[in-house]
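Just below is one structure, and these are the notes that go with it.
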Amino acid sequence: MTRGHTVGVIGAGMAGLACARELAAKGFEVTVFDKGRGLGGRTATRRAEPNLRFDHGAQFFTMTDPRFREFTDDWLARGVVAEWTGRIVRLENKTVIDSSLQPRYVGMPGMSAMAVDLAVGLCVRIGTQINAVTHSAVGWTIVTEANETVGPFDTLVVTLPAPQAAALLGSYHFGAVASNVKMTACWTVMAAFESRVELPWDGAFVHDSPLAWVARNSSKPGRERETDCWVLQASPEWSAAHLEVTADIAARDLLDAFGSVVGGHLPPQQYVAAHRWRYGQCSEPDGRSKLFDPEIGLAVCGDWLADGRIEGAFLAGIRAADAVCEH
Ligand SMILES: Cc1cc2nc3c(=O)[nH]c(=O)nc-3n(C[C@H](O)[C@H](O)[C@H](O)COP(=O)(O)OP(=O)(O)OC[C@H]3O[C@@H](n4cnc5c(N)ncnc54)[C@H](O)[C@@H]3O)c2cc1C
């Protein structure tokens with residue numbers, strides 16, 4: 001019986017939106033909350049003036065699971081995503097090695113496109129940080145940063161990065177599981193150059209550098225190509241060691257590192273910004289996809305319970321929805 005069954009989903013990233021969409025399709029009354037200004041969480045697109053866009057979180061996605069493939073095929077057919085056919089390499093000891101030819105997909109015109117599509121028809125409250133959750137005989141009540149009390153909900157689905165899920169759940173079931181999962185930070189620089197950075201590739205996994213990944217954002221399909229836009233992502237080690245530096249310092253140091261990677265002077269930049277993902281990626285995910293306690297109607301899911309990537313986050317959300325439906 002789903003009619004009238006209310007669900008509160010905290011987090012409008014891939015996991016939260018996949019879960020909410022699946023539950024809403026089955027007749028549940030779903031409300032999604034996210035503290036961010038937009039949808040997608042770490043599958044994010046940053047807009048900058050004039051007409052610049054950067055994928056400053058997830059860069060692309062791959063797929064292996066048939067259920068995710070079904071969604072991706074539909075997104076491809078509707079132009080929500082497209083294959084990125086740019087040349088992707090590995091840079092090791094100044095050697096350029098072509099990376100695997102596995103298809104890589106990107107949102108159009110930015111990585112948040114999949115989240116925007118999943119959210120169509122859903123009740124999503126963005127800009128709403130949840131500070132507390134409480135379970136009682138009537139269900140789950142949540143309290144926002146603005147001290148608004150919302151609910152009760154029959155079921156609560158928490159889809160935050162592990163440390164944030166742990167903080168929100170506290171001593172509730174699964175809080176302890178989340179508190180044992182480590183997530184690494186990632187400093188990301190977005191740079192638009194006044195002229196083209198001449199390189200024979202579009203994206204590179206970088207070794208032996210403060211940088212771990214660099215990509216010509218403007219080489220992805222559906223992006224504005226007139227301006228040469230790059231995204232530079234620092235390694236987990238560099239990001240951890242420089243966690244508290246200012247964005248200006250992170251940008252300066254990582255642009256210097258990019259100069260070393262390309263082995264020469266970079267063109268002047270017309271736009272530079274840096275963003276710190278405090279809880280960027282999970283290198284050792286728990287692997288269970290979702291956690292569900294039918295006694296209190298609590299589900300927890302997210303990439304840290306899957307493969308640490310977009311596909312896993314999406315599937316974790318779907319599996320959490322399956323668990324709620326089966327209950
Ligand atoms: C720099 C970087 C590069 C990456 N590159 C790739 C890649 O190339 N390919 C790939 O597949 N994956 C990549 N990933 C991983 C991918 O982005 C994640 O696996 C996926 O987006 C996680 O989705 P999620 O829904 O589990 O979590 P999130 O996207 O983190 O969603 C959680 C949401 O919860 C919200 N939230 C947090 N706290 C609260 C609160 N208290 N109240 C309300 N809302 C709250 C957040 O705003 C966020 O929107 C990358 C990640 C980073 C950071």
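Simple scheme: letters A, B, ... for chains in structure tokens order, numbers from 1 for residues in each chain, numbers from 1 for ligands in the order shown.
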DSSP strand (DSSP E or B) residues within stretch 58-282 of chain A, listed as an mmCIF file with C-alpha atoms, in the first residue's frame:
data_model
loop_
_atom_site.group_PDB
_atom_site.id
_atom_site.type_symbol
_atom_site.label_atom_id
_atom_site.label_comp_id
_atom_site.auth_asym_id
_atom_site.auth_seq_id
_atom_site.Cartn_x
_atom_site.Cartn_y
_atom_site.Cartn_z
ATOM 1 C CA PHE A 61 30.279 8.472 -16.336
ATOM 2 C CA VAL A 81 23.549 12.993 -22.217
ATOM 3 C CA ALA A 82 26.011 12.374 -25.053
ATOM 4 C CA GLU A 83 29.165 10.376 -25.519
ATOM 5 C CA ILE A 88 41.739 10.660 -22.865
ATOM 6 C CA VAL A 89 45.270 9.730 -21.824
ATOM 7 C CA ARG A 90 47.415 8.856 -18.842
ATOM 8 C CA LEU A 91 50.522 10.939 -18.222
ATOM 9 C CA GLU A 92 53.268 8.901 -16.611
ATOM 10 C CA THR A 95 54.937 9.591 -21.389
ATOM 11 C CA VAL A 96 51.479 9.921 -22.926
ATOM 12 C CA ILE A 97 49.538 6.646 -22.872
ATOM 13 C CA ASP A 98 46.066 6.371 -24.384
ATOM 14 C CA TYR A 105 29.168 9.894 -21.204
ATOM 15 C CA VAL A 106 28.503 13.462 -20.076
ATOM 16 C CA GLY A 107 25.396 15.486 -19.266
ATOM 17 C CA CYS A 123 8.727 18.028 -5.169
ATOM 18 C CA VAL A 124 12.282 19.242 -4.471
ATOM 19 C CA ARG A 125 13.165 21.922 -1.933
ATOM 20 C CA ILE A 130 18.479 19.716 7.238
ATOM 21 C CA ASN A 131 20.022 20.045 10.675
ATOM 22 C CA ALA A 132 18.194 17.349 12.647
ATOM 23 C CA VAL A 133 16.023 14.266 12.181
ATOM 24 C CA THR A 134 13.871 12.647 14.861
ATOM 25 C CA HIS A 135 11.895 9.419 14.863
ATOM 26 C CA SER A 136 8.794 9.041 17.033
ATOM 27 C CA GLY A 139 7.207 8.853 11.955
ATOM 28 C CA TRP A 140 10.169 11.054 10.993
ATOM 29 C CA THR A 141 10.285 14.773 11.645
ATOM 30 C CA ILE A 142 13.043 16.901 10.203
ATOM 31 C CA VAL A 143 14.263 20.339 11.218
ATOM 32 C CA THR A 144 15.750 22.753 8.707
ATOM 33 C CA THR A 149 9.900 21.537 11.351
ATOM 34 C CA VAL A 150 8.739 19.379 8.438
ATOM 35 C CA GLY A 151 6.923 16.051 8.472
ATOM 36 C CA PRO A 152 6.121 13.605 9.801
ATOM 37 C CA PHE A 153 7.231 11.212 7.052
ATOM 38 C CA THR A 155 9.978 6.796 5.699
ATOM 39 C CA LEU A 156 13.214 8.782 5.681
ATOM 40 C CA VAL A 157 15.926 8.293 3.041
ATOM 41 C CA VAL A 158 19.333 9.833 3.806
ATOM 42 C CA THR A 184 38.752 12.222 0.479
ATOM 43 C CA ALA A 185 38.781 15.928 -0.352
ATOM 44 C CA CYS A 186 39.333 17.322 -3.832
ATOM 45 C CA TRP A 187 40.430 20.845 -4.744
ATOM 46 C CA THR A 188 39.184 21.711 -8.232
ATOM 47 C CA VAL A 189 40.251 24.652 -10.395
ATOM 48 C CA MET A 190 38.118 26.050 -13.210
ATOM 49 C CA ALA A 191 40.103 28.110 -15.714
ATOM 50 C CA ALA A 192 39.162 29.821 -18.976
ATOM 51 C CA PHE A 193 42.179 30.758 -21.110
ATOM 52 C CA GLY A 203 41.598 14.781 -20.694
ATOM 53 C CA ALA A 204 44.422 13.208 -18.726
ATOM 54 C CA PHE A 205 44.874 11.141 -15.597
ATOM 55 C CA VAL A 206 48.033 12.651 -14.147
ATOM 56 C CA LEU A 211 47.096 17.103 -10.019
ATOM 57 C CA ALA A 212 45.257 13.828 -10.587
ATOM 58 C CA TRP A 213 43.036 14.801 -13.527
ATOM 59 C CA VAL A 214 42.885 17.638 -16.057
ATOM 60 C CA ALA A 215 40.275 18.088 -18.787
ATOM 61 C CA ARG A 216 39.427 20.483 -21.557
ATOM 62 C CA ASP A 228 39.182 27.182 -23.917
ATOM 63 C CA CYS A 229 37.846 26.043 -20.528
ATOM 64 C CA TRP A 230 39.726 23.590 -18.319
ATOM 65 C CA VAL A 231 38.984 21.742 -15.106
ATOM 66 C CA LEU A 232 41.992 20.740 -12.987
ATOM 67 C CA GLN A 233 41.493 18.339 -10.083
ATOM 68 C CA ALA A 234 44.085 17.875 -7.373
ATOM 69 C CA GLN A 269 43.439 33.307 -17.990
ATOM 70 C CA GLN A 270 40.249 35.312 -18.378
ATOM 71 C CA TYR A 271 38.541 33.457 -15.512
ATOM 72 C CA VAL A 272 39.866 31.356 -12.633
ATOM 73 C CA ALA A 273 38.044 29.937 -9.621
ATOM 74 C CA ALA A 274 38.693 27.106 -7.208
ATOM 75 C CA HIS A 275 36.241 24.899 -5.365
ATOM 76 C CA ARG A 276 36.981 22.555 -2.491
ATOM 77 C CA TRP A 277 34.994 19.340 -2.236
ATOM 78 C CA ARG A 278 35.525 18.473 1.405
ATOM 79 C CA TYR A 279 33.863 15.081 0.938
ATOM 80 C CA GLY A 280 34.783 14.452 -2.681
ATOM 81 C CA GLN A 281 35.202 10.764 -3.239
#
Near-ligand residues for ligand 1, threshold 6 Å, only C-alpha atoms and all ligand atoms, as a PDB file with C-alpha atoms, in the first residue's frame:
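What landed in pocket-v3.pdb:
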ATOM      1  CA  ILE A  10      17.556  14.208   2.116  1.00  0.00           C
ATOM      2  CA  GLY A  11      19.978  14.978  -0.713  1.00  0.00           C
ATOM      3  CA  ALA A  12      19.256  15.774  -4.367  1.00  0.00           C
ATOM      4  CA  GLY A  13      22.336  14.128  -5.867  1.00  0.00           C
ATOM      5  CA  MET A  14      22.123  11.118  -8.159  1.00  0.00           C
ATOM      6  CA  ALA A  15      21.264   8.727  -5.313  1.00  0.00           C
ATOM      7  CA  GLY A  16      18.533  10.879  -3.777  1.00  0.00           C
ATOM      8  CA  PHE A  33      15.475  18.379   0.438  1.00  0.00           C
ATOM      9  CA  ASP A  34      18.897  19.691  -0.533  1.00  0.00           C
ATOM     10  CA  LYS A  35      21.023  22.398   1.002  1.00  0.00           C
ATOM     11  CA  GLY A  36      22.572  23.306  -2.365  1.00  0.00           C
ATOM     12  CA  GLY A  40      22.971  17.101  -8.656  1.00  0.00           C
ATOM     13  CA  GLY A  41      25.262  17.383  -5.633  1.00  0.00           C
ATOM     14  CA  ARG A  42      28.722  16.307  -6.757  1.00  0.00           C
ATOM     15  CA  THR A  43      27.426  15.749 -10.310  1.00  0.00           C
ATOM     16  CA  GLY A  57      32.550  17.735  -9.811  1.00  0.00           C
ATOM     17  CA  ALA A  58      32.109  14.442 -11.655  1.00  0.00           C
ATOM     18  CA  GLN A  59      33.704  14.557 -15.096  1.00  0.00           C
ATOM     19  CA  PHE A  60      31.951  11.790 -17.011  1.00  0.00           C
ATOM     20  CA  PHE A  61      30.279   8.472 -16.336  1.00  0.00           C
ATOM     21  CA  THR A 128      17.098  23.751   2.492  1.00  0.00           C
ATOM     22  CA  GLN A 129      19.705  22.389   4.852  1.00  0.00           C
ATOM     23  CA  ILE A 130      18.479  19.716   7.238  1.00  0.00           C
ATOM     24  CA  ASN A 131      20.022  20.045  10.675  1.00  0.00           C
ATOM     25  CA  THR A 159      21.643  10.159   0.783  1.00  0.00           C
ATOM     26  CA  LEU A 160      24.432  12.418   2.065  1.00  0.00           C
ATOM     27  CA  PRO A 161      28.178  11.771   1.842  1.00  0.00           C
ATOM     28  CA  GLN A 164      27.481  14.183   6.742  1.00  0.00           C
ATOM     29  CA  CYS A 186      39.333  17.322  -3.832  1.00  0.00           C
ATOM     30  CA  TRP A 277      34.994  19.340  -2.236  1.00  0.00           C
ATOM     31  CA  GLY A 280      34.783  14.452  -2.681  1.00  0.00           C
ATOM     32  CA  GLN A 281      35.202  10.764  -3.239  1.00  0.00           C
ATOM     33  CA  GLY A 302      24.808   7.018  -1.702  1.00  0.00           C
ATOM     34  CA  ASP A 303      27.969   6.430  -3.679  1.00  0.00           C
ATOM     35  CA  GLY A 308      32.044   5.704  -5.344  1.00  0.00           C
ATOM     36  CA  ARG A 309      30.858   6.850  -8.765  1.00  0.00           C
ATOM     37  CA  ILE A 310      27.772   8.147 -10.566  1.00  0.00           C
ATOM     38  CA  GLU A 311      26.550   4.736 -11.697  1.00  0.00           C
ATOM     39  CA  ALA A 313      25.114   6.331  -6.612  1.00  0.00           C
TER      40      ALA A 313
END
Give me, as a PyMOL selection string, the residues of stretch 96-206 of chain A that a backbone DSSP run labels helix (DSSP H, G or I). chain A and resi 113-118+162-169+175-179
Compile the contact shell of A:Glu326 as a PyMOL selection string: residues with an atom at most 12 Å away, counting only C-alpha atoms, same-chain residues fewer than 4 positions apart removed. chain A and resi 1-2+23+26+292+294+297+319-322
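When only C-alpha atoms are used to compute distances to A:Ala44, the closest of the residues A:Asp286, A:Ala167, A:Arg67, A:Pro109 turns out to be A:Pro109.
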